[in-house]
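A.B. asks: Take a look at start.txt, compact mmCIF, C-alpha atoms:
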```txt
# COMPACT_ATOMS: atom_id res chain seq x y z
CA MET A 15 14.53 27.13 -53.05
CA ALA A 16 15.52 27.23 -49.41
CA SER A 17 15.33 31.02 -49.26
CA CYS A 18 11.93 30.87 -50.99
CA PHE A 19 10.73 28.51 -48.22
CA GLN A 20 12.29 30.77 -45.58
CA SER A 21 10.56 33.86 -46.87
CA ALA A 22 7.24 32.00 -47.14
CA LEU A 23 7.63 30.94 -43.50
CA HIS A 24 8.52 34.49 -42.55
CA ASN A 25 5.42 35.83 -44.35
CA LEU A 26 3.28 33.19 -42.65
CA ARG A 27 4.58 34.32 -39.25
CA GLU A 28 3.56 37.87 -40.03
CA THR A 29 -0.08 36.94 -40.72
CA LYS A 30 -2.81 37.89 -38.28
CA VAL A 31 -3.95 34.27 -37.89
CA TRP A 32 -0.47 33.01 -36.99
CA LYS A 33 -0.01 35.83 -34.49
CA SER A 34 -3.37 35.08 -32.90
CA VAL A 35 -2.30 31.46 -32.34
CA PHE A 36 1.35 32.03 -31.33
CA ARG A 37 1.31 35.25 -29.35
CA ARG A 38 5.06 35.47 -28.74
CA GLY A 39 7.54 36.53 -31.36
CA PRO A 40 10.41 34.40 -32.64
CA ALA A 41 12.23 32.43 -29.92
CA ASN A 42 15.54 34.25 -30.16
CA THR A 43 16.18 35.25 -26.54
CA ASN A 44 16.09 33.19 -23.34
CA ARG A 45 12.92 35.02 -22.35
CA THR A 46 11.06 34.28 -25.59
CA ARG A 47 12.37 30.71 -25.57
CA SER A 48 10.89 30.28 -22.09
CA LEU A 49 7.65 31.88 -23.26
CA ALA A 50 7.52 29.38 -26.13
CA ILE A 51 7.41 26.59 -23.54
CA PHE A 52 5.09 28.34 -21.07
CA GLY A 53 2.62 29.40 -23.75
CA ASN A 54 2.11 25.93 -25.23
CA LEU A 55 -0.43 23.65 -23.57
CA PHE A 56 1.49 20.55 -24.65
CA LEU A 57 4.85 21.82 -23.42
CA HIS A 58 4.04 24.04 -20.45
CA TRP A 59 4.74 21.34 -17.87
CA MET A 60 8.17 20.74 -19.34
CA PRO A 61 11.16 22.48 -17.76
CA VAL A 62 12.35 25.57 -19.61
CA LYS A 63 15.91 24.78 -18.56
CA VAL A 64 17.57 21.42 -17.94
CA ARG A 65 21.04 20.44 -16.88
CA GLU A 66 23.02 19.28 -19.85
CA LYS A 67 24.03 16.13 -17.98
CA SER A 68 20.42 15.05 -17.54
CA LEU A 69 20.09 14.93 -21.33
CA ARG A 70 22.91 12.41 -21.75
CA VAL A 71 21.89 8.95 -22.89
CA ARG A 72 23.43 7.43 -19.77
CA ALA A 73 21.34 9.63 -17.48
CA SER A 74 18.07 7.96 -18.45
CA TYR A 75 18.55 5.90 -21.62
CA TYR A 76 15.36 7.85 -22.53
CA LEU A 77 13.38 4.93 -21.12
CA GLY A 78 10.51 7.08 -19.86
CA SER A 79 10.24 8.82 -23.23
CA ILE A 80 10.39 5.46 -25.02
CA SER A 81 7.58 4.14 -22.81
CA PHE A 82 5.51 7.25 -23.54
CA ILE A 83 6.10 7.01 -27.30
CA LEU A 84 5.04 3.35 -27.19
CA PHE A 85 1.93 4.40 -25.26
CA ILE A 86 1.08 6.92 -28.00
CA VAL A 87 1.66 4.23 -30.68
CA LEU A 88 -0.68 1.92 -28.74
CA PHE A 89 -3.24 4.70 -28.37
CA VAL A 90 -3.31 5.44 -32.12
CA THR A 91 -3.21 1.82 -33.35
CA GLY A 92 -5.74 0.82 -30.69
CA ILE A 93 -8.25 3.43 -31.87
CA LEU A 94 -7.76 2.25 -35.46
CA LEU A 95 -8.30 -1.40 -34.45
CA MET A 96 -11.54 -0.41 -32.67
CA PHE A 97 -13.09 0.48 -36.04
CA TYR A 98 -13.19 -3.22 -37.00
CA TYR A 99 -13.61 -4.95 -33.64
CA HIS A 100 -16.88 -5.95 -31.94
CA PRO A 101 -16.47 -6.90 -28.27
CA ALA A 102 -18.97 -9.78 -28.48
CA ALA A 103 -18.89 -13.53 -29.05
CA PRO A 104 -18.39 -14.91 -31.66
CA ASN A 105 -17.64 -11.66 -33.58
CA ALA A 106 -14.53 -10.81 -31.57
CA TYR A 107 -12.51 -13.80 -32.80
CA ARG A 108 -13.74 -13.36 -36.39
CA ASP A 109 -12.95 -9.64 -36.35
CA MET A 110 -9.45 -10.43 -35.12
CA LYS A 111 -9.03 -12.94 -37.97
CA ASP A 112 -10.51 -10.42 -40.44
CA LEU A 113 -7.96 -7.86 -39.30
CA GLN A 114 -5.25 -10.39 -40.04
CA PHE A 115 -6.45 -11.69 -43.40
CA VAL A 116 -9.09 -9.40 -44.91
CA VAL A 117 -8.71 -5.78 -43.79
CA ALA A 118 -6.16 -3.76 -45.78
CA ASN A 119 -3.06 -3.25 -43.60
CA GLY A 120 -4.99 -4.78 -40.70
CA VAL A 121 -2.28 -7.29 -39.91
CA PHE A 122 0.27 -4.46 -39.79
CA LEU A 123 -1.81 -2.47 -37.31
CA ARG A 124 -2.61 -5.49 -35.18
CA ASN A 125 1.02 -6.60 -35.01
CA LEU A 126 2.15 -3.04 -34.34
CA HIS A 127 -0.30 -2.84 -31.42
CA ARG A 128 0.81 -6.20 -30.11
CA LEU A 129 4.54 -5.60 -30.47
CA ALA A 130 4.30 -2.10 -28.99
CA ALA A 131 2.39 -3.59 -26.04
CA HIS A 132 5.12 -6.18 -25.41
CA LEU A 133 7.82 -3.53 -25.80
CA MET A 134 6.00 -1.13 -23.49
CA VAL A 135 5.91 -3.68 -20.67
CA PHE A 136 9.63 -4.27 -21.26
CA ALA A 137 10.45 -0.53 -21.44
CA VAL A 138 8.42 0.34 -18.34
CA PHE A 139 10.13 -2.41 -16.33
CA TRP A 140 13.56 -1.34 -17.55
CA HIS A 141 12.66 2.27 -16.69
CA MET A 142 11.70 1.20 -13.17
CA PHE A 143 14.93 -0.77 -12.62
CA HIS A 144 17.03 2.07 -14.02
CA VAL A 145 15.34 4.67 -11.79
CA PHE A 146 15.67 2.33 -8.81
CA TYR A 147 19.39 1.69 -9.27
CA ARG A 148 20.03 5.43 -9.68
CA GLY A 149 18.21 6.10 -6.39
CA GLY A 150 15.39 7.94 -8.13
CA TYR A 151 12.94 6.85 -5.42
CA LYS A 152 14.69 8.97 -2.77
CA PRO A 153 13.40 12.38 -1.63
CA PRO A 154 12.33 14.64 -3.27
CA HIS A 155 11.26 12.05 -5.87
CA GLU A 156 9.39 9.67 -3.56
CA PHE A 157 5.88 10.71 -4.63
CA ASN A 158 6.76 10.43 -8.32
CA TRP A 159 8.21 6.97 -7.64
CA VAL A 160 4.81 5.90 -6.28
CA VAL A 161 3.02 7.40 -9.31
CA GLY A 162 5.46 5.41 -11.46
CA VAL A 163 4.66 2.18 -9.63
CA VAL A 164 0.93 2.79 -10.24
CA LEU A 165 1.73 3.42 -13.92
CA LEU A 166 3.63 0.11 -14.02
CA LEU A 167 0.57 -1.66 -12.60
CA LEU A 168 -1.69 0.13 -15.11
CA THR A 169 0.62 -1.03 -17.93
CA LEU A 170 0.30 -4.62 -16.71
CA PHE A 171 -3.51 -4.35 -16.35
CA LEU A 172 -3.75 -2.85 -19.85
CA SER A 173 -1.66 -5.73 -21.16
CA TYR A 174 -3.78 -8.29 -19.34
CA THR A 175 -7.17 -6.86 -20.36
CA GLY A 176 -5.97 -6.63 -23.97
CA TYR A 177 -4.95 -10.27 -23.84
CA LEU A 178 -8.60 -11.42 -23.65
CA LEU A 179 -9.80 -9.41 -26.65
CA PRO A 180 -8.67 -11.81 -29.47
CA TRP A 181 -11.10 -14.28 -27.86
CA ASP A 182 -9.02 -17.32 -28.77
CA GLN A 183 -8.02 -20.30 -26.63
CA LEU A 184 -4.90 -18.56 -25.32
CA ALA A 185 -6.96 -15.54 -24.24
CA PHE A 186 -9.71 -17.65 -22.68
CA TRP A 187 -7.40 -19.78 -20.57
CA ALA A 188 -5.15 -16.90 -19.59
CA VAL A 189 -8.15 -15.03 -18.22
CA THR A 190 -9.61 -18.17 -16.64
CA VAL A 191 -6.35 -18.76 -14.80
CA GLY A 192 -5.82 -15.07 -13.98
CA THR A 193 -9.27 -14.50 -12.55
CA ASN A 194 -8.98 -17.70 -10.51
CA ILE A 195 -5.82 -16.23 -9.00
CA ILE A 196 -7.91 -13.16 -8.08
CA SER A 197 -10.52 -15.38 -6.41
CA ALA A 198 -7.80 -16.68 -4.06
CA MET A 199 -7.89 -13.27 -2.31
CA PRO A 200 -9.19 -13.71 1.23
CA PHE A 201 -12.88 -12.95 1.85
CA ILE A 202 -13.56 -10.77 -1.23
CA GLY A 203 -11.82 -12.85 -3.91
CA HIS A 204 -14.88 -14.60 -5.32
CA LYS A 205 -16.90 -11.36 -5.33
CA VAL A 206 -14.12 -9.46 -7.14
CA ARG A 207 -13.90 -12.24 -9.73
CA PHE A 208 -17.69 -12.17 -10.18
CA LEU A 209 -17.68 -8.39 -10.69
CA LEU A 210 -14.69 -8.48 -13.04
CA LEU A 211 -16.19 -11.23 -15.20
CA GLY A 212 -19.79 -10.08 -14.87
CA GLY A 213 -20.69 -13.69 -14.10
CA ASN A 214 -19.19 -16.99 -13.03
CA ILE A 215 -17.58 -17.97 -16.33
CA VAL A 216 -15.38 -16.20 -18.87
CA GLY A 217 -18.19 -15.30 -21.24
CA GLU A 218 -19.54 -12.35 -23.22
CA ASN A 219 -19.97 -10.20 -20.11
CA ALA A 220 -16.31 -10.71 -19.25
CA LEU A 221 -15.25 -9.83 -22.80
CA LEU A 222 -17.26 -6.59 -22.70
CA ARG A 223 -15.99 -5.62 -19.26
CA PHE A 224 -12.37 -6.25 -20.20
CA TYR A 225 -12.93 -4.28 -23.42
CA VAL A 226 -14.29 -1.22 -21.59
CA LEU A 227 -11.44 -1.41 -19.08
CA HIS A 228 -8.93 -1.79 -21.91
CA VAL A 229 -10.13 1.00 -24.19
CA VAL A 230 -11.56 3.60 -21.78
CA ILE A 231 -10.94 3.30 -18.07
CA LEU A 232 -7.32 2.17 -17.90
CA PRO A 233 -5.99 4.42 -20.75
CA LEU A 234 -7.76 7.42 -19.21
CA ALA A 235 -6.22 6.69 -15.81
CA ALA A 236 -2.82 6.19 -17.49
CA PHE A 237 -3.08 9.51 -19.34
CA VAL A 238 -3.86 11.43 -16.15
CA LEU A 239 -1.06 9.74 -14.20
CA ILE A 240 1.45 10.19 -17.04
CA GLY A 241 0.63 13.92 -16.94
CA ILE A 242 1.25 14.04 -13.19
CA HIS A 243 4.41 11.93 -13.59
CA PHE A 244 5.99 14.23 -16.20
CA TRP A 245 4.95 17.38 -14.38
CA ARG A 246 6.43 16.15 -11.11
CA VAL A 247 9.79 15.43 -12.77
CA GLN A 248 10.11 19.18 -13.32
CA LYS A 249 8.61 20.17 -9.95
CA ASP A 250 10.96 17.80 -8.10
CA GLY A 251 13.98 19.39 -9.71
CA GLY A 252 14.64 17.32 -12.80
CA LEU A 253 16.16 13.90 -13.26
CA THR A 254 18.26 12.29 -10.57
CA VAL A 255 21.81 13.06 -11.62
CA LYS A 256 24.58 11.14 -9.90
CA PRO A 257 27.41 13.14 -8.32
CA LYS A 258 29.68 11.28 -10.73
CA ASP A 259 27.80 12.85 -13.64
CA GLU A 260 27.88 16.27 -11.95
CA ASP A 261 31.67 16.10 -11.76
CA GLY A 262 31.76 15.58 -15.48
CA LYS A 263 33.63 12.29 -15.06
CA GLU A 264 32.08 9.28 -16.70
CA MET B 12 -17.52 36.88 18.41
CA SER B 13 -20.82 35.31 17.35
CA ASP B 14 -19.80 32.16 19.26
CA THR B 15 -20.73 33.69 22.61
CA LYS B 16 -23.77 35.65 21.39
CA THR B 17 -27.06 35.03 23.19
CA SER B 18 -30.57 35.95 22.15
CA SER B 19 -31.18 39.65 22.53
CA VAL B 20 -34.51 39.21 24.30
CA ALA B 21 -33.26 38.38 27.78
CA GLY B 22 -35.53 36.31 29.99
CA SER B 23 -37.88 35.32 27.16
CA PRO B 24 -38.29 31.65 26.09
CA LEU B 25 -36.07 32.51 23.14
CA ALA B 26 -33.13 33.27 25.40
CA ILE B 27 -31.28 30.11 24.48
CA PRO B 28 -27.54 30.51 24.30
CA VAL B 29 -26.47 30.32 20.67
CA GLY B 30 -23.22 28.64 20.11
CA GLN B 31 -20.94 26.23 21.90
CA GLY B 32 -18.57 27.11 19.13
CA VAL B 33 -20.81 26.23 16.19
CA THR B 34 -21.39 29.14 13.83
CA ARG B 35 -24.05 29.14 11.16
CA ARG B 36 -21.31 28.77 8.54
CA ASP B 37 -19.81 25.74 10.32
CA PHE B 38 -23.25 24.20 10.69
CA LEU B 39 -24.10 24.65 6.99
CA ASN B 40 -20.65 23.40 5.96
CA GLU B 41 -21.05 20.27 8.05
CA ILE B 42 -24.59 19.65 6.81
CA THR B 43 -23.41 20.07 3.21
CA MET B 44 -20.35 17.86 3.61
CA GLY B 45 -22.43 15.27 5.44
CA ALA B 46 -25.05 15.26 2.67
CA LEU B 47 -22.36 15.00 0.00
CA GLY B 48 -20.73 12.17 1.95
CA ILE B 49 -24.00 10.25 2.20
CA ALA B 50 -24.70 10.86 -1.49
CA GLY B 51 -21.16 9.68 -2.31
CA LEU B 52 -21.53 6.48 -0.31
CA GLY B 53 -24.94 5.93 -1.90
CA SER B 54 -23.53 6.29 -5.40
CA VAL B 55 -20.76 3.81 -4.57
CA ALA B 56 -23.42 1.38 -3.33
CA VAL B 57 -25.70 1.72 -6.39
CA THR B 58 -22.68 1.50 -8.74
CA TYR B 59 -21.65 -1.72 -7.01
CA GLN B 60 -25.18 -3.07 -7.46
CA TYR B 61 -25.15 -1.97 -11.10
CA PHE B 62 -21.99 -4.00 -11.74
CA SER B 63 -23.48 -7.19 -10.21
CA PRO B 64 -25.62 -8.83 -12.91
CA ASN B 65 -29.00 -10.06 -11.67
CA VAL B 66 -29.62 -12.38 -14.62
CA LEU B 67 -26.86 -14.47 -16.15
CA PHE B 68 -27.09 -16.08 -19.57
CA GLU B 69 -24.78 -18.91 -18.62
CA PRO B 70 -25.23 -22.63 -19.29
CA SER B 71 -27.55 -24.45 -16.85
CA THR B 72 -25.74 -26.02 -13.95
CA THR B 73 -28.11 -29.01 -13.89
CA PHE B 74 -27.97 -31.45 -16.78
CA ARG B 75 -29.07 -34.92 -17.79
CA ALA B 76 -26.27 -37.41 -18.44
CA GLY B 77 -28.36 -40.09 -20.21
CA ASN B 78 -29.21 -43.67 -19.31
CA PRO B 79 -26.95 -45.40 -16.75
CA ASP B 80 -26.47 -48.29 -19.18
CA LEU B 81 -24.39 -45.98 -21.38
CA TYR B 82 -21.57 -46.19 -18.84
CA PRO B 83 -19.79 -49.54 -18.41
CA VAL B 84 -18.57 -50.55 -14.93
CA HIS B 85 -14.95 -49.39 -14.24
CA SER B 86 -15.27 -46.49 -16.67
CA VAL B 87 -14.51 -42.75 -16.58
CA THR B 88 -16.43 -40.74 -19.19
CA PHE B 89 -15.60 -37.08 -19.86
CA LEU B 90 -18.60 -34.93 -20.79
CA GLN B 91 -16.92 -32.04 -22.59
CA ASP B 92 -19.89 -29.66 -22.70
CA GLN B 93 -20.43 -29.94 -18.97
CA GLN B 94 -16.80 -30.36 -17.90
CA VAL B 95 -17.71 -33.31 -15.69
CA TYR B 96 -16.49 -36.91 -15.44
CA ILE B 97 -19.17 -39.57 -14.99
CA VAL B 98 -17.38 -42.36 -13.14
CA ARG B 99 -18.95 -45.81 -12.77
CA MET B 100 -17.32 -48.16 -10.33
CA PRO B 101 -18.69 -51.45 -8.90
CA GLU B 102 -19.99 -49.51 -5.88
CA GLY B 103 -21.97 -47.08 -8.05
CA PHE B 104 -21.93 -43.77 -9.93
CA TYR B 105 -20.33 -40.49 -9.09
CA ALA B 106 -19.89 -37.21 -10.96
CA VAL B 107 -16.44 -35.59 -10.58
CA SER B 108 -15.67 -32.03 -11.66
CA ALA B 109 -13.17 -31.78 -14.54
CA VAL B 110 -12.14 -28.25 -13.52
CA CYS B 111 -8.75 -28.30 -11.82
CA THR B 112 -8.89 -26.91 -8.28
CA HIS B 113 -5.62 -25.10 -8.85
CA LEU B 114 -6.44 -22.41 -11.43
CA GLY B 115 -9.47 -23.69 -13.30
CA CYS B 116 -8.00 -25.49 -16.31
CA ILE B 117 -9.91 -28.46 -17.75
CA THR B 118 -8.26 -31.71 -16.76
CA GLN B 119 -7.97 -34.82 -18.95
CA TRP B 120 -8.62 -38.47 -18.20
CA LYS B 121 -5.57 -40.60 -18.96
CA PRO B 122 -6.81 -44.24 -19.16
CA ASP B 123 -3.27 -45.64 -19.59
CA ALA B 124 -2.03 -44.07 -16.36
CA ASP B 125 -5.41 -44.53 -14.63
CA MET B 126 -5.44 -40.89 -13.52
CA ILE B 127 -6.86 -37.44 -14.28
CA ALA B 128 -4.16 -34.96 -15.31
CA CYS B 129 -4.20 -31.19 -15.66
CA PRO B 130 -2.38 -29.83 -18.75
CA CYS B 131 -1.68 -26.40 -17.26
CA HIS B 132 0.49 -27.03 -14.22
CA GLY B 133 0.72 -30.82 -13.93
CA SER B 134 -1.68 -31.67 -11.09
CA THR B 135 -2.86 -35.29 -11.11
CA PHE B 136 -5.90 -36.90 -9.49
CA ARG B 137 -7.33 -40.38 -9.03
CA PRO B 138 -10.58 -41.15 -10.92
CA ASP B 139 -12.49 -40.47 -7.68
CA GLY B 140 -11.00 -36.95 -7.57
CA VAL B 141 -8.46 -37.57 -4.80
CA LYS B 142 -5.29 -35.56 -5.44
CA ILE B 143 -2.18 -37.56 -6.32
CA GLU B 144 0.12 -34.59 -6.64
CA GLY B 145 -0.07 -30.78 -6.67
CA PRO B 146 -0.02 -27.86 -7.22
CA ALA B 147 -3.79 -28.31 -6.89
CA PRO B 148 -4.71 -27.55 -3.26
CA ARG B 149 -7.87 -29.68 -3.05
CA PRO B 150 -9.31 -32.87 -4.55
CA LEU B 151 -11.73 -32.56 -7.46
CA PRO B 152 -15.22 -32.01 -5.99
CA HIS B 153 -18.08 -34.50 -6.45
CA PHE B 154 -21.39 -33.15 -7.76
CA ALA B 155 -24.82 -34.37 -6.68
CA ILE B 156 -25.95 -37.16 -9.00
CA SER B 157 -29.38 -38.76 -8.99
CA LEU B 158 -31.89 -40.56 -11.19
CA THR B 159 -34.90 -38.91 -12.79
CA ALA B 160 -38.32 -40.60 -12.71
CA ASP B 161 -37.71 -41.99 -16.19
CA GLY B 162 -34.38 -43.53 -15.11
CA GLU B 163 -31.85 -41.02 -16.50
CA LEU B 164 -28.83 -39.72 -14.64
CA VAL B 165 -29.06 -36.06 -13.62
CA VAL B 166 -26.13 -34.02 -12.25
CA ASP B 167 -26.40 -30.75 -10.30
CA LYS B 168 -23.13 -28.84 -10.46
CA LEU B 169 -24.18 -26.37 -7.77
CA GLN B 170 -24.49 -29.13 -5.16
CA ILE B 171 -21.14 -30.47 -3.98
CA ILE B 172 -21.42 -33.74 -2.04
CA LYS B 173 -19.07 -35.93 -0.02
CA ALA B 174 -16.89 -38.30 -2.01
CA SER B 175 -18.33 -41.21 -0.02
CA GLN B 176 -21.84 -40.59 -1.40
CA VAL B 177 -22.27 -42.77 -4.49
CA LEU B 178 -25.37 -43.44 -6.54
CA LYS B 179 -26.25 -47.12 -6.65
CA VAL B 180 -28.25 -48.09 -9.71
```
Translate the structure of the given file into structure tokens.

C.D. replies:
Amino acid sequence: MASCFQSALHNLRETKVWKSVFRRGPANTNRTRSLAIFGNLFLHWMPVKVREKSLRVRASYYLGSISFILFIVLFVTGILLMFYYHPAAPNAYRDMKDLQFVVANGVFLRNLHRLAAHLMVFAVFWHMFHVFYRGGYKPPHEFNWVVGVVLLLLTLFLSYTGYLLPWDQLAFWAVTVGTNIISAMPFIGHKVRFLLLGGNIVGENALLRFYVLHVVILPLAAFVLIGIHFWRVQKDGGLTVKPKDEDGKE
Amino acid sequence: MSDTKTSSVAGSPLAIPVGQGVTRRDFLNEITMGALGIAGLGSVAVTYQYFSPNVLFEPSTTFRAGNPDLYPVHSVTFLQDQQVYIVRMPEGFYAVSAVCTHLGCITQWKPDADMIACPCHGSTFRPDGVKIEGPAPRPLPHFAISLTADGELVVDKLQIIKASQVLKV
């Protein structure tokens, strides 16, 4: 059975179509292994070589990867939730309730989105603390540290804009309180609040604006910055590895 | 090179020195960047305008609060739809905002304690809006209150008046 599968895979790799997609041969030398990374759009910004120590759990606890996986989970579940959600009053609240009680597997998707959002905030914060205590903000990583701080802020803004969308009492008062905090900014506070809410009260305009921020603008910005963040890890010479780890002592 | 070039027809009115270090390429670059800069600023300005709604479908800020006889003397009445307290004291009427000056939560009138309390962060106020304790930074504002020609109370939430101004009926 296994050899049958192997030979089928081998035959597939010999086809013209396969060879047109994957131009390199089998990854059996260091050169072809590197080419496998270079030649793939989704992998080409990854390092072709890493220090073994930077792959240890203790080097990163994989917190950045965990945050990214949670972001992908949120991206997929969020798109699925959008198929049943109208960003308007009073539909928004009813759609949220429909997702919980009427739509097949809706409650699973909604809870997955919600839990992944909570976990992402937690993971991103833990990632930041971990990088900070390992000195990951020091040169040559200082630019990537700043990108990471912006990504932390984007995570919090995504969390906050998503909080309004259920359109329940919790959402309404959270956004009332939050936007009143914004209006305490000197000089421009009231104008920023007016622009963010699209009015003077938390109404339909505010719901629509938060929705567009939540599903388009902020995720797009996060995607671009995540790309830069990952790419710079490689360009800045990989993860920060402590001398202790370099010595091989733990 | 071309920086120091002068017109080839010496002595004619066209013999103006070309240059002072500006080449044609520099000139066109600066014109183009300047035009792009102006267009960029303009698009920021029109986008800002676009995001400021001109018409708002929000509840009216002026409302009628009914006949003064509805409110007994020494009473505080919460009008939930308008988020306003109509207070009647022996000296007259006043309309006090029910929106906490801290972060915008709706306060509640507590008749037993004779005070207005905010459920969010615990600010308390006297029935005339004066702050008893924080975190609210300011007293609750008083709104303009008057009588219509047919003798009904009318409150304008856009007009904030001094706490000393009361409506005598």

A.B. asks: Check every residue of chain B for an atom within 12 Å of chain A, counting all atoms listed in the file, and provide those that qualify as a CSV table (one decimal) with C-alpha atoms, keeping the file's coordinate frame.

C.D. replies:
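The resulting part03.csv:
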```csv
chain,number,residue,atom,x,y,z
B,58,THR,CA,-22.7,1.5,-8.7
B,59,TYR,CA,-21.6,-1.7,-7.0
B,60,GLN,CA,-25.2,-3.1,-7.5
B,61,TYR,CA,-25.2,-2.0,-11.1
B,62,PHE,CA,-22.0,-4.0,-11.7
B,63,SER,CA,-23.5,-7.2,-10.2
B,64,PRO,CA,-25.6,-8.8,-12.9
B,65,ASN,CA,-29.0,-10.1,-11.7
B,66,VAL,CA,-29.6,-12.4,-14.6
B,67,LEU,CA,-26.9,-14.5,-16.2
B,68,PHE,CA,-27.1,-16.1,-19.6
B,69,GLU,CA,-24.8,-18.9,-18.6
B,70,PRO,CA,-25.2,-22.6,-19.3
B,71,SER,CA,-27.6,-24.4,-16.8
B,72,THR,CA,-25.7,-26.0,-14.0
B,110,VAL,CA,-12.1,-28.2,-13.5
B,111,CYS,CA,-8.8,-28.3,-11.8
B,112,THR,CA,-8.9,-26.9,-8.3
B,113,HIS,CA,-5.6,-25.1,-8.8
B,114,LEU,CA,-6.4,-22.4,-11.4
B,115,GLY,CA,-9.5,-23.7,-13.3
B,116,CYS,CA,-8.0,-25.5,-16.3
B,117,ILE,CA,-9.9,-28.5,-17.8
B,130,PRO,CA,-2.4,-29.8,-18.8
B,131,CYS,CA,-1.7,-26.4,-17.3
B,132,HIS,CA,0.5,-27.0,-14.2
B,148,PRO,CA,-4.7,-27.6,-3.3
B,169,LEU,CA,-24.2,-26.4,-7.8
```

A.B. asks: Within 12 Å of Leu167 in chain A, counting all atoms listed in the file, which residues show up once you throw out same-chain ones fewer than 6 positions away? Write them as JSON, numbers by chain, please.

C.D. replies: {"A": [135, 138, 139, 142, 160, 161, 173, 174, 232, 235, 236, 239]}

A.B. asks: Tell me which protein, DNA and RNA residues are within 10 Å of Ala73 in chain A, counting all atoms listed in the file, leaving out same-chain ones fewer than 2 positions away, and put them as a list in words.

C.D. replies: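 The neighbour list is Lys67, Ser68, Leu69, Arg70, Val71, Tyr75, Tyr76, Leu77, His144, Val145, Arg148, Leu253, Thr254, Val255, Lys256 and Asp259 of chain A.
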
A.B. asks: Leaving out Thr135 in chain B and any residue of its chain fewer than 5 positions from it, which residues lie within 7 Å of it when counting all atoms listed in the file, given as a list in words?

C.D. replies: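 The contact residues come out as Met126, Ile127, Ala128, Cys129, Lys142, Ile143, Glu144 and Gly145 of chain B.
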
A.B. asks: So how far away is CA of Val226 in chain A from CA of Phe82 in chain A, in Å?

C.D. replies: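 Those two atoms sit 21.6 Å apart.
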
A.B. asks: So that I can check the surroundings of Glu163 in chain B, please list as JSON, numbers by chain every protein, DNA and RNA residue that reaches within 10 Å of it, counting only C-alpha atoms and ignoring chain neighbours fewer than 4 positions away.

C.D. replies: {"B": [75, 76, 77, 78, 79, 80, 157, 158, 159]}

A.B. asks: With N, CA and C atoms as the goal, would you fill in the gaps in range 100-112 of chain B and present it as an mmCIF file, keeping the file's coordinate frame?

C.D. replies:
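After the write, part.cif holds the following:
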```cif
data_model
loop_
_atom_site.group_PDB
_atom_site.id
_atom_site.type_symbol
_atom_site.label_atom_id
_atom_site.label_comp_id
_atom_site.auth_asym_id
_atom_site.auth_seq_id
_atom_site.Cartn_x
_atom_site.Cartn_y
_atom_site.Cartn_z
ATOM 1 N N MET B 100 -18.130 -47.150 -10.994
ATOM 2 C CA MET B 100 -17.320 -48.160 -10.330
ATOM 3 C C MET B 100 -18.278 -49.232 -9.807
ATOM 4 N N PRO B 101 -17.767 -50.406 -9.366
ATOM 5 C CA PRO B 101 -18.690 -51.450 -8.900
ATOM 6 C C PRO B 101 -19.620 -50.949 -7.799
ATOM 7 N N GLU B 102 -19.132 -49.978 -6.968
ATOM 8 C CA GLU B 102 -19.990 -49.510 -5.880
ATOM 9 C C GLU B 102 -21.056 -48.525 -6.352
ATOM 10 N N GLY B 103 -20.929 -47.971 -7.542
ATOM 11 C CA GLY B 103 -21.970 -47.080 -8.050
ATOM 12 C C GLY B 103 -21.403 -45.942 -8.885
ATOM 13 N N PHE B 104 -22.275 -44.908 -9.082
ATOM 14 C CA PHE B 104 -21.930 -43.770 -9.930
ATOM 15 C C PHE B 104 -21.473 -42.589 -9.082
ATOM 16 N N TYR B 105 -20.517 -41.834 -9.616
ATOM 17 C CA TYR B 105 -20.330 -40.490 -9.090
ATOM 18 C C TYR B 105 -19.903 -39.544 -10.203
ATOM 19 N N ALA B 106 -20.214 -38.245 -9.984
ATOM 20 C CA ALA B 106 -19.890 -37.210 -10.960
ATOM 21 C C ALA B 106 -18.775 -36.357 -10.378
ATOM 22 N N VAL B 107 -17.610 -36.312 -11.069
ATOM 23 C CA VAL B 107 -16.440 -35.590 -10.580
ATOM 24 C C VAL B 107 -16.204 -34.386 -11.486
ATOM 25 N N SER B 108 -15.955 -33.245 -10.884
ATOM 26 C CA SER B 108 -15.670 -32.030 -11.660
ATOM 27 C C SER B 108 -14.391 -32.219 -12.464
ATOM 28 N N ALA B 109 -14.384 -31.715 -13.716
ATOM 29 C CA ALA B 109 -13.170 -31.780 -14.540
ATOM 30 C C ALA B 109 -12.372 -30.498 -14.461
ATOM 31 N N VAL B 110 -12.837 -29.535 -13.635
ATOM 32 C CA VAL B 110 -12.140 -28.250 -13.520
ATOM 33 C C VAL B 110 -11.100 -28.364 -12.415
ATOM 34 N N CYS B 111 -9.838 -28.146 -12.789
ATOM 35 C CA CYS B 111 -8.750 -28.300 -11.820
ATOM 36 C C CYS B 111 -8.940 -27.308 -10.670
ATOM 37 N N THR B 112 -8.711 -27.775 -9.450
ATOM 38 C CA THR B 112 -8.890 -26.910 -8.280
ATOM 39 C C THR B 112 -7.735 -25.950 -8.101
#
```
